[in-house]
Amino acid sequence: MGVRGLQGFVARVCPDACQTVDLREMAEKHRIDHPDCPPVIVVDAMSCVRRWYTPESWVCGGQWREYLAILEDFINAFMAAGIKLVFYFDGVVEEKKRDEWIKRRMKNTEEIARLFQFIKTHRKQPGREMFVLPSALPTFTRYALKSLGQKTVCTLQEGDFEVAAYGLQHNCIGILGQDSDYLIYDTCPYFSIENLRLDRLVTVMYSREVLCRVLGISLTHLPLFACLLGNDIVPESMLEGFWNKCLTNSPHRNRSYNRRTNILLSVANYISKIPCSYSSLKHLEEILPLGSDKTLLCRGVNSYLLPGQQSPWVPPNETNCQMLSLQQQSALCQDKEIFQLAKEQHIQSENYSIFNILSHGEIECSNSLEDDYDTEIPGQALIYRPARQHIYSILFESGNGGTCPSVKEWFVYFGNPLKQPDLIQPVQPSVTGGTPNLKILWLAKGPDVERQRYSTFLACFHLQDEMEELQALEAPVAGFCCLLAYLMMQVSSLSLEDLNAFLALILCLKGKSAAQLTGLQLAQVDSRAVHLGAVLIRGLTTLLMANSACGFPFRMDDLMPWAVFDGKLFQEKYQKAHRGCSVEELLEGNESLYTPFQNLKTLICKICMAKNRTIQSRPRGNGFNTGREQRDFNPRFQQPHRSHVVSPYHNQMREFTQRHLQSQGRGSGHPHGRRYHLPPR
């Protein structure tokens with residue numbers, strides 16, 4: 001979170017602390033001073049993703065191939081200057097940050113509601129002032145950078161702490177990011193991603209020394225300064241009275257400054273006059289209304305001390321408790337070999353969410369671009385919950401007897417106030433011969449084990465009976481079809497038109513470059529297609545989790561969005577499908593795609609019919625969803641029976657599908673399909 005207002009304060013009040021630097025020159029100087037140590041910049045990736053995502057379209061689910069090309073250009077600019085990059089991603093939400101995480105999620109929910117209202121009113125994407133990150137962008141950025149050959153690290157604790165520690169320990173030329181906490185840590189220089197000119201590799205370096213000179217304090221004071229302004233450990237609400245006293249006694253009050261600026265100056269004035277000692281900090285703890293926990297200030301100061309550092313504010317035996325607490329953490333997974341492997345894969349950005357579940361039985365998922373007023377599509381958190389329950393069962397080996405812990409889920413969805421986590425019980429998947437244990441899935445070798453991994457993965461999505469047909473497909477298409485079949489079974493409002501759009505998307509995407517997709521123009525944007533795009537992208541993260549749990553039957557690269565999805569292309573296919581365009585038009589006249597399209601469609605319809613789910617036609621005319629229906633709090637997504645307008649195009653497709661199914665000895669299935677009900681919380 002950083003210190004509220006500090007970054008802006010430096011820009012407005014301490015312009016001399018904002019120094020323009022040439023990173024090429026700094027790298028060259030580093031090479032001269034340290035000939036055996038190449039220049040490295042450690043990147044706080046979480047504070048950079050908003051800056052990196054520059055494709056024009058952002059509401060439709062993500063322009064993933066364009067984004068991948070942008071990341072490649074970013075890397076190449078630094079490589080050309082001989083600078084190595086190391087990317088850090090937040091791997092956990094620490095308990096002390098949970099309240100702040102929830103506040104941000106609630107704020108994001110309001111922003112997304114306004115976004116959907118704009119799309120429904122204007123049928124277009126709003127300006128950048130309403131920008132919301134495409135769903136799961138940080139997750140897939142991690143894998144994108146890894147696929148581009150970069151070192152990516154997923155943290156075990158507070159992300160900025162690990163970034164600052166890496167920068168110090170590895171003698172990096174700097175940290176690239178946008179977080180005022182880097183002004184507080186005593187680490188390598190801090191460079192601004194917001195001010196970076198990539199073409200010239202010029203940016204702003206923030207000087208801690210100049211900041212301290214303006215404030216009249218020393219570098220040693222900075223951790224206490226941050227705590228007395230409020231941070232992740234010391235809440236601002238406890239400090240209002242203290243600030244008022246500082247403002248009253250400060251000689252630096254300036255009416256031309258806002259209140260926050262005057263608070264920063266007056267707090268600095270206060271601490272400049274007290275001795276740098278543990279006794280001074282203890283005195284502050286006594287006079288501040290810290291409630292029952294009088295150690296907040298000490299813990300707050302300590303949180304800024306990197307390994308090997310000490311502070312006069314904190315006794316030597318209490319330093320670096322962050323590292324100690326991490327080492328003493330007791331894991332839910334009692335198999336040390338499995339736990340260590342999960343930990344290593346987590347750090348190296350090789351698995352998805354597995355370590356968090358095995359270590360403390362907790363997982364979170366932030367906002368997605370979902371329309372809370374669309375009563376027909378459940379929240380993605382609920383759509384994929386049955387699959388996650390099977391994944392939890394595999395991880396905790398619930399089929400082998402013994403007690404199986406519930407998993408705490410912090411997932412954003414309509415009607416969830418996030419007051420506490422949902423406690424989700426693992427559910428054993430249906431695997432012939434029982435679910436293999438993790439030692440087999442993760443460590444064993446041989447063709448039999450490979451089959452077990454694949455079948456266990458499919459069982460997470462209730463597709464274990466379709467193994468032979470799915471394995472015959474190209475891997476990205478097989479993964480996409482797993483997800484699509486699961487979605488069609490779980491969400492009864494999805495129609496033949498939706499299925500056609502998704503299938504046309506993956507088949508037509510294969511031959512398109514990032515430049516071609518950039519050039520694709522949409523006349524209008526449909527809000528329901530925006531929602532479905534987000535649901536599908538979150539489904540890909542569920543595939544990643546299942547793949548990680550089952551020992552990687554797929555290459556992770558085959559499950560990435562740039563392999564199977566493009567937001568604008570999906571919008572185009574969705575709108576055409578709902579207007580009743582022909583298969584030829586959907587497939588852009590490419591005759592070589594007709595047979596694969598029919599085969600994939602038949603496969604998914606067959607899978608659904610075997611589960612008593614008939615996919616019906618529900619064309620939406622011009623494809624646009626006004627979303628006028630209102631949603632009750634925590635509704636049950638139970639669809640009333642609807643009459644369906646059947647187009648000639650649908651008759652053609654239905655006859656083809658029924659002929660194929662009859663040739664397989666199957667009837668047409670249940671007339672109304674499966675209705676979706678939310679599981680009880």
# chains A, B, ... in the order shown; residues from 1 in each chain; ligands from 1
>>> residues_around(residues="Pro138 in chain A", least_positions_apart="5", cutoff="12 Å", atoms="only C-alpha atoms", output="PDB file with C-alpha atoms, in the first residue's frame")
ATOM      1  CA  ASP A  44       7.988  -4.667  -8.798  1.00  0.00           C
ATOM      2  CA  ALA A  45       5.742  -6.172 -11.459  1.00  0.00           C
ATOM      3  CA  MET A  46       2.495  -5.646  -9.556  1.00  0.00           C
ATOM      4  CA  SER A  47       2.967  -1.872  -9.690  1.00  0.00           C
ATOM      5  CA  CYS A  48       3.856  -2.037 -13.403  1.00  0.00           C
ATOM      6  CA  VAL A  49       1.051  -4.085 -15.001  1.00  0.00           C
ATOM      7  CA  ARG A  50      -1.257  -1.087 -15.369  1.00  0.00           C
ATOM      8  CA  ARG A  51       1.511   0.752 -17.212  1.00  0.00           C
ATOM      9  CA  TRP A  52       2.376  -2.279 -19.351  1.00  0.00           C
ATOM     10  CA  TYR A  53      -1.170  -2.921 -20.557  1.00  0.00           C
ATOM     11  CA  GLY A  62      -7.839  -8.839 -22.951  1.00  0.00           C
ATOM     12  CA  TYR A  67       0.124  -7.568 -24.663  1.00  0.00           C
ATOM     13  CA  PHE A  87      10.414  -9.563 -12.011  1.00  0.00           C
ATOM     14  CA  TYR A  88       8.705  -9.948  -8.625  1.00  0.00           C
ATOM     15  CA  PHE A  89       5.002 -10.740  -8.141  1.00  0.00           C
ATOM     16  CA  ASP A  90       2.975 -10.797  -4.939  1.00  0.00           C
ATOM     17  CA  GLY A  91       2.467 -14.448  -4.024  1.00  0.00           C
ATOM     18  CA  LEU A 133      -7.339  -4.190 -15.492  1.00  0.00           C
ATOM     19  CA  TYR A 143       3.572 -16.561 -17.061  1.00  0.00           C
ATOM     20  CA  ALA A 144       4.040 -14.285 -20.069  1.00  0.00           C
ATOM     21  CA  LEU A 145       7.348 -12.972 -18.732  1.00  0.00           C
ATOM     22  CA  CYS A 154       6.460 -15.204  -6.839  1.00  0.00           C
ATOM     23  CA  SER A 349       6.205 -19.120 -10.941  1.00  0.00           C
ATOM     24  CA  CYS A 365      -9.409 -14.080  -6.264  1.00  0.00           C
ATOM     25  CA  SER A 366      -9.991 -10.392  -6.903  1.00  0.00           C
ATOM     26  CA  THR A 541      -6.809 -19.829 -14.201  1.00  0.00           C
TER      27      THR A 541
END
>>> residues_around(residues="range 553-560 of chain A", least_positions_apart="3", cutoff="6 Å", atoms="only C-alpha atoms", output="MDAnalysis selection string")
chainID A and resid 453:454 476 563
>>> select_by_dssp(residues="range 30-219 of chain A", states="alpha helix (DSSP H)", output="NGL selection string")
:A and (30-33 or 49-52 or 64-80 or 98-122 or 137-147 or 159-169 or 208-215)
>>> residues_around(residues="Gln524 in chain A", least_positions_apart="5", cutoff="12 Å", atoms="only C-alpha atoms", output="PyMOL selection string")
chain A and resi 57+59-60+119-126+529-530+568+571-572+574-576+622-624
>>> atom_distance(atom1="CA of Cys37 in chain A", atom2="CA of Phe74 in chain A")
22.2 Å
>>> residues_around(residues="range 184-195 of chain A", least_positions_apart="5", cutoff="6 Å", atoms="only C-alpha atoms", output="ChimeraX atom specification")
/A:164,167-168,174-178,203-206,222-223,304
>>> write_last_selection(atoms="N, CA, C and O atoms", output="PDB file, in the first residue's frame")
ATOM      1  N   ALA A 164      12.743  -5.170  -2.141  1.00  0.00           N
ATOM      2  CA  ALA A 164      13.777  -4.335  -1.527  1.00  0.00           C
ATOM      3  C   ALA A 164      14.955  -5.178  -1.051  1.00  0.00           C
ATOM      4  O   ALA A 164      16.123  -4.780  -1.198  1.00  0.00           O
ATOM      5  N   GLY A 167      17.029  -6.324  -4.095  1.00  0.00           N
ATOM      6  CA  GLY A 167      17.797  -5.209  -4.625  1.00  0.00           C
ATOM      7  C   GLY A 167      19.041  -4.925  -3.812  1.00  0.00           C
ATOM      8  O   GLY A 167      20.113  -4.643  -4.365  1.00  0.00           O
ATOM      9  N   LEU A 168      18.912  -5.015  -2.485  1.00  0.00           N
ATOM     10  CA  LEU A 168      20.047  -4.753  -1.597  1.00  0.00           C
ATOM     11  C   LEU A 168      21.069  -5.884  -1.658  1.00  0.00           C
ATOM     12  O   LEU A 168      22.277  -5.650  -1.806  1.00  0.00           O
ATOM     13  N   GLY A 174      18.965  -0.723  -9.302  1.00  0.00           N
ATOM     14  CA  GLY A 174      17.762  -0.063  -8.819  1.00  0.00           C
ATOM     15  C   GLY A 174      16.546  -0.956  -8.822  1.00  0.00           C
ATOM     16  O   GLY A 174      16.569  -2.092  -9.300  1.00  0.00           O
ATOM     17  N   ILE A 175      15.467  -0.387  -8.254  1.00  0.00           N
ATOM     18  CA  ILE A 175      14.138  -1.009  -8.229  1.00  0.00           C
ATOM     19  C   ILE A 175      13.252  -0.201  -9.167  1.00  0.00           C
ATOM     20  O   ILE A 175      13.219   1.034  -9.095  1.00  0.00           O
ATOM     21  N   LEU A 176      12.536  -0.883 -10.066  1.00  0.00           N
ATOM     22  CA  LEU A 176      11.589  -0.217 -10.958  1.00  0.00           C
ATOM     23  C   LEU A 176      10.178  -0.519 -10.474  1.00  0.00           C
ATOM     24  O   LEU A 176       9.784  -1.689 -10.384  1.00  0.00           O
ATOM     25  N   GLY A 177       9.425   0.521 -10.160  1.00  0.00           N
ATOM     26  CA  GLY A 177       8.070   0.318  -9.665  1.00  0.00           C
ATOM     27  C   GLY A 177       7.397   1.649  -9.400  1.00  0.00           C
ATOM     28  O   GLY A 177       7.819   2.695  -9.903  1.00  0.00           O
ATOM     29  N   GLN A 178       6.322   1.603  -8.596  1.00  0.00           N
ATOM     30  CA  GLN A 178       5.615   2.836  -8.216  1.00  0.00           C
ATOM     31  C   GLN A 178       4.944   2.588  -6.874  1.00  0.00           C
ATOM     32  O   GLN A 178       3.751   2.364  -6.786  1.00  0.00           O
ATOM     33  N   THR A 203      14.219   7.832 -16.890  1.00  0.00           N
ATOM     34  CA  THR A 203      13.118   7.881 -15.928  1.00  0.00           C
ATOM     35  C   THR A 203      13.497   8.788 -14.768  1.00  0.00           C
ATOM     36  O   THR A 203      14.539   9.455 -14.801  1.00  0.00           O
ATOM     37  N   VAL A 204      12.632   8.798 -13.751  1.00  0.00           N
ATOM     38  CA  VAL A 204      12.896   9.575 -12.537  1.00  0.00           C
ATOM     39  C   VAL A 204      13.401   8.643 -11.452  1.00  0.00           C
ATOM     40  O   VAL A 204      12.838   7.562 -11.229  1.00  0.00           O
ATOM     41  N   MET A 205      14.489   9.049 -10.799  1.00  0.00           N
ATOM     42  CA  MET A 205      14.979   8.347  -9.609  1.00  0.00           C
ATOM     43  C   MET A 205      14.622   9.190  -8.396  1.00  0.00           C
ATOM     44  O   MET A 205      14.905  10.390  -8.359  1.00  0.00           O
ATOM     45  N   TYR A 206      13.972   8.560  -7.415  1.00  0.00           N
ATOM     46  CA  TYR A 206      13.583   9.274  -6.203  1.00  0.00           C
ATOM     47  C   TYR A 206      14.707   9.163  -5.174  1.00  0.00           C
ATOM     48  O   TYR A 206      15.131   8.058  -4.828  1.00  0.00           O
ATOM     49  N   LEU A 222      13.269   7.232   8.743  1.00  0.00           N
ATOM     50  CA  LEU A 222      12.220   6.966   7.750  1.00  0.00           C
ATOM     51  C   LEU A 222      11.231   5.864   8.153  1.00  0.00           C
ATOM     52  O   LEU A 222      10.016   6.038   7.973  1.00  0.00           O
ATOM     53  N   PRO A 223      11.677   4.706   8.697  1.00  0.00           N
ATOM     54  CA  PRO A 223      10.684   3.691   9.078  1.00  0.00           C
ATOM     55  C   PRO A 223       9.684   4.192  10.135  1.00  0.00           C
ATOM     56  O   PRO A 223       8.481   3.918  10.022  1.00  0.00           O
ATOM     57  N   TYR A 304      10.260  -2.681   8.018  1.00  0.00           N
ATOM     58  CA  TYR A 304      11.090  -2.027   7.001  1.00  0.00           C
ATOM     59  C   TYR A 304      12.559  -2.420   7.082  1.00  0.00           C
ATOM     60  O   TYR A 304      13.368  -1.957   6.276  1.00  0.00           O
TER      61      TYR A 304
END
>>> select_by_dssp(residues="range 334-489 of chain A", states="strand (DSSP E or B)", output="PyMOL selection string")
chain A and resi 362-365+407-411+422-424
>>> write_last_selection(atoms="all heavy atoms", output="short mmCIF file (atom, residue, chain, number, x, y, z; two decimals), in the first residue's frame")
data_model
loop_
_atom_site.label_atom_id
_atom_site.label_comp_id
_atom_site.auth_asym_id
_atom_site.auth_seq_id
_atom_site.Cartn_x
_atom_site.Cartn_y
_atom_site.Cartn_z
N GLU A 362 -5.68 -21.39 2.22
CA GLU A 362 -6.36 -20.14 1.91
C GLU A 362 -6.06 -19.74 0.48
O GLU A 362 -4.96 -19.96 -0.03
CB GLU A 362 -5.90 -19.04 2.88
CG GLU A 362 -6.77 -17.81 2.90
CD GLU A 362 -6.48 -16.93 4.10
OE1 GLU A 362 -5.36 -17.00 4.65
OE2 GLU A 362 -7.37 -16.17 4.51
N ILE A 363 -7.04 -19.12 -0.17
CA ILE A 363 -6.87 -18.70 -1.56
C ILE A 363 -7.77 -17.50 -1.78
O ILE A 363 -8.84 -17.38 -1.17
CB ILE A 363 -7.24 -19.86 -2.53
CG1 ILE A 363 -6.98 -19.45 -3.98
CG2 ILE A 363 -8.65 -20.35 -2.34
CD1 ILE A 363 -7.19 -20.59 -4.98
N GLU A 364 -7.33 -16.59 -2.65
CA GLU A 364 -8.16 -15.43 -2.96
C GLU A 364 -8.21 -15.18 -4.45
O GLU A 364 -7.34 -15.63 -5.20
CB GLU A 364 -7.66 -14.16 -2.25
CG GLU A 364 -6.22 -13.79 -2.49
CD GLU A 364 -5.28 -14.52 -1.54
OE1 GLU A 364 -5.59 -14.64 -0.34
OE2 GLU A 364 -4.22 -14.99 -2.03
N CYS A 365 -9.25 -14.47 -4.86
CA CYS A 365 -9.41 -14.08 -6.26
C CYS A 365 -10.09 -12.72 -6.27
O CYS A 365 -11.17 -12.55 -5.70
CB CYS A 365 -10.25 -15.10 -7.02
SG CYS A 365 -10.49 -14.68 -8.76
N VAL A 407 -11.10 -25.27 2.90
CA VAL A 407 -10.25 -24.23 2.34
C VAL A 407 -10.98 -22.89 2.47
O VAL A 407 -12.16 -22.78 2.15
CB VAL A 407 -9.91 -24.53 0.86
CG1 VAL A 407 -9.13 -23.37 0.23
CG2 VAL A 407 -9.12 -25.83 0.76
N LYS A 408 -10.24 -21.89 2.93
CA LYS A 408 -10.81 -20.55 3.08
C LYS A 408 -10.69 -19.81 1.75
O LYS A 408 -9.59 -19.58 1.28
CB LYS A 408 -10.07 -19.79 4.19
CG LYS A 408 -10.32 -20.33 5.58
CD LYS A 408 -9.58 -19.55 6.65
CE LYS A 408 -8.13 -19.95 6.71
NZ LYS A 408 -7.39 -19.34 7.85
N GLU A 409 -11.83 -19.49 1.18
CA GLU A 409 -11.86 -18.79 -0.11
C GLU A 409 -12.27 -17.33 0.09
O GLU A 409 -13.35 -17.05 0.61
CB GLU A 409 -12.85 -19.45 -1.07
CG GLU A 409 -12.38 -20.78 -1.63
CD GLU A 409 -13.24 -21.25 -2.79
OE1 GLU A 409 -14.35 -20.70 -3.01
OE2 GLU A 409 -12.81 -22.19 -3.48
N TRP A 410 -11.42 -16.42 -0.36
CA TRP A 410 -11.75 -14.99 -0.42
C TRP A 410 -11.97 -14.66 -1.90
O TRP A 410 -11.07 -14.19 -2.58
CB TRP A 410 -10.62 -14.14 0.14
CG TRP A 410 -10.34 -14.33 1.60
CD1 TRP A 410 -9.44 -15.17 2.17
CD2 TRP A 410 -10.97 -13.63 2.68
NE1 TRP A 410 -9.47 -15.05 3.54
CE2 TRP A 410 -10.39 -14.10 3.89
CE3 TRP A 410 -11.97 -12.65 2.76
CZ2 TRP A 410 -10.78 -13.63 5.14
CZ3 TRP A 410 -12.35 -12.17 4.00
CH2 TRP A 410 -11.76 -12.65 5.17
N PHE A 411 -13.16 -14.94 -2.39
CA PHE A 411 -13.47 -14.71 -3.80
C PHE A 411 -14.52 -13.61 -3.91
O PHE A 411 -15.50 -13.59 -3.16
CB PHE A 411 -14.00 -15.98 -4.46
CG PHE A 411 -12.92 -16.92 -4.93
CD1 PHE A 411 -12.00 -17.45 -4.05
CD2 PHE A 411 -12.83 -17.28 -6.26
CE1 PHE A 411 -11.01 -18.32 -4.47
CE2 PHE A 411 -11.84 -18.15 -6.70
CZ PHE A 411 -10.92 -18.66 -5.81
N ASP A 422 -15.34 -17.79 2.66
CA ASP A 422 -16.20 -18.96 2.50
C ASP A 422 -15.36 -20.19 2.86
O ASP A 422 -14.23 -20.34 2.38
CB ASP A 422 -16.69 -19.09 1.06
CG ASP A 422 -17.64 -17.98 0.66
OD1 ASP A 422 -18.31 -17.45 1.55
OD2 ASP A 422 -17.69 -17.64 -0.54
N LEU A 423 -15.90 -21.06 3.69
CA LEU A 423 -15.21 -22.30 4.05
C LEU A 423 -15.70 -23.40 3.12
O LEU A 423 -16.86 -23.82 3.18
CB LEU A 423 -15.49 -22.66 5.52
CG LEU A 423 -15.01 -21.63 6.54
CD1 LEU A 423 -15.36 -22.07 7.96
CD2 LEU A 423 -13.50 -21.39 6.41
N ILE A 424 -14.82 -23.87 2.25
CA ILE A 424 -15.20 -24.78 1.18
C ILE A 424 -14.63 -26.16 1.45
O ILE A 424 -13.42 -26.34 1.62
CB ILE A 424 -14.70 -24.26 -0.18
CG1 ILE A 424 -15.19 -22.83 -0.42
CG2 ILE A 424 -15.13 -25.19 -1.30
CD1 ILE A 424 -16.70 -22.67 -0.38
#
>>> residues_around(residues="range 469-471 of chain A", least_positions_apart="3", cutoff="12 Å", atoms="only C-alpha atoms", output="ChimeraX atom specification")
/A:450-451,454-455,457-458,463-466,474-483,485,553-554,599-600,602-604,606-607
>>> residues_around(residues="Cys14 in chain A", least_positions_apart="3", cutoff="9 Å", atoms="only C-alpha atoms", output="JSON, numbers by chain")
{"A": [9, 10, 11, 17, 18, 210, 211, 214]}
>>> closest_residue(among="A:Leu484, A:Leu540, A:Leu265, A:Met609", to="Leu137 in chain A", atoms="only C-alpha atoms")
A:Leu540
>>> decode(residues="range 293-312 of chain A", atoms="N, CA, C and O atoms", output="compact mmCIF listing (two decimals), in the first residue's frame")
# COMPACT_ATOMS: atom_id res chain seq x y z
N ASP A 293 -2.78 -3.80 21.52
CA ASP A 293 -1.47 -4.21 21.00
C ASP A 293 -0.51 -3.02 21.03
O ASP A 293 -0.48 -2.19 20.11
N LYS A 294 0.28 -2.94 22.08
CA LYS A 294 1.23 -1.83 22.24
C LYS A 294 2.51 -2.04 21.43
O LYS A 294 3.41 -1.20 21.49
N THR A 295 2.60 -3.14 20.72
CA THR A 295 3.84 -3.41 19.95
C THR A 295 3.71 -2.99 18.48
O THR A 295 4.61 -3.26 17.69
N LEU A 296 2.59 -2.33 18.13
CA LEU A 296 2.36 -2.00 16.72
C LEU A 296 3.50 -1.18 16.12
O LEU A 296 3.96 -1.46 15.01
N LEU A 297 3.94 -0.16 16.84
CA LEU A 297 5.00 0.70 16.30
C LEU A 297 6.29 -0.08 16.10
O LEU A 297 6.96 0.06 15.08
N CYS A 298 6.62 -0.88 17.09
CA CYS A 298 7.84 -1.68 17.00
C CYS A 298 7.77 -2.63 15.80
O CYS A 298 8.72 -2.75 15.03
N ARG A 299 6.61 -3.29 15.64
CA ARG A 299 6.45 -4.20 14.50
C ARG A 299 6.46 -3.44 13.19
O ARG A 299 6.96 -3.92 12.17
N GLY A 300 5.87 -2.24 13.19
CA GLY A 300 5.85 -1.43 11.98
C GLY A 300 7.23 -1.02 11.53
O GLY A 300 7.59 -1.16 10.36
N VAL A 301 8.04 -0.53 12.48
CA VAL A 301 9.42 -0.15 12.15
C VAL A 301 10.20 -1.38 11.68
O VAL A 301 10.94 -1.34 10.69
N ASN A 302 10.00 -2.47 12.40
CA ASN A 302 10.71 -3.71 12.08
C ASN A 302 10.40 -4.20 10.66
O ASN A 302 11.26 -4.81 9.99
N SER A 303 9.19 -3.94 10.19
CA SER A 303 8.78 -4.43 8.87
C SER A 303 9.60 -3.80 7.74
O SER A 303 9.62 -4.32 6.63
N TYR A 304 10.26 -2.68 8.02
CA TYR A 304 11.09 -2.03 7.00
C TYR A 304 12.56 -2.42 7.08
O TYR A 304 13.37 -1.96 6.28
N LEU A 305 12.92 -3.24 8.06
CA LEU A 305 14.32 -3.65 8.21
C LEU A 305 14.58 -4.89 7.36
O LEU A 305 13.96 -5.93 7.56
N LEU A 306 15.49 -4.77 6.43
CA LEU A 306 15.83 -5.87 5.55
C LEU A 306 16.82 -6.80 6.24
O LEU A 306 17.43 -6.42 7.25
N PRO A 307 16.98 -8.04 5.74
CA PRO A 307 17.90 -8.98 6.39
C PRO A 307 19.28 -8.37 6.60
O PRO A 307 19.87 -7.78 5.69
N GLY A 308 19.79 -8.48 7.83
CA GLY A 308 21.11 -7.94 8.17
C GLY A 308 21.08 -6.52 8.67
O GLY A 308 22.11 -6.00 9.14
N GLN A 309 19.94 -5.85 8.58
CA GLN A 309 19.86 -4.45 9.03
C GLN A 309 19.37 -4.37 10.47
O GLN A 309 18.61 -5.22 10.93
N GLN A 310 19.79 -3.31 11.15
CA GLN A 310 19.34 -3.03 12.52
C GLN A 310 18.92 -1.58 12.61
O GLN A 310 19.23 -0.77 11.73
N SER A 311 18.19 -1.25 13.67
CA SER A 311 17.69 0.11 13.85
C SER A 311 17.79 0.49 15.32
O SER A 311 17.53 -0.34 16.20
N PRO A 312 18.13 1.75 15.61
CA PRO A 312 18.15 2.19 17.02
C PRO A 312 16.77 2.19 17.65
O PRO A 312 16.66 2.21 18.88
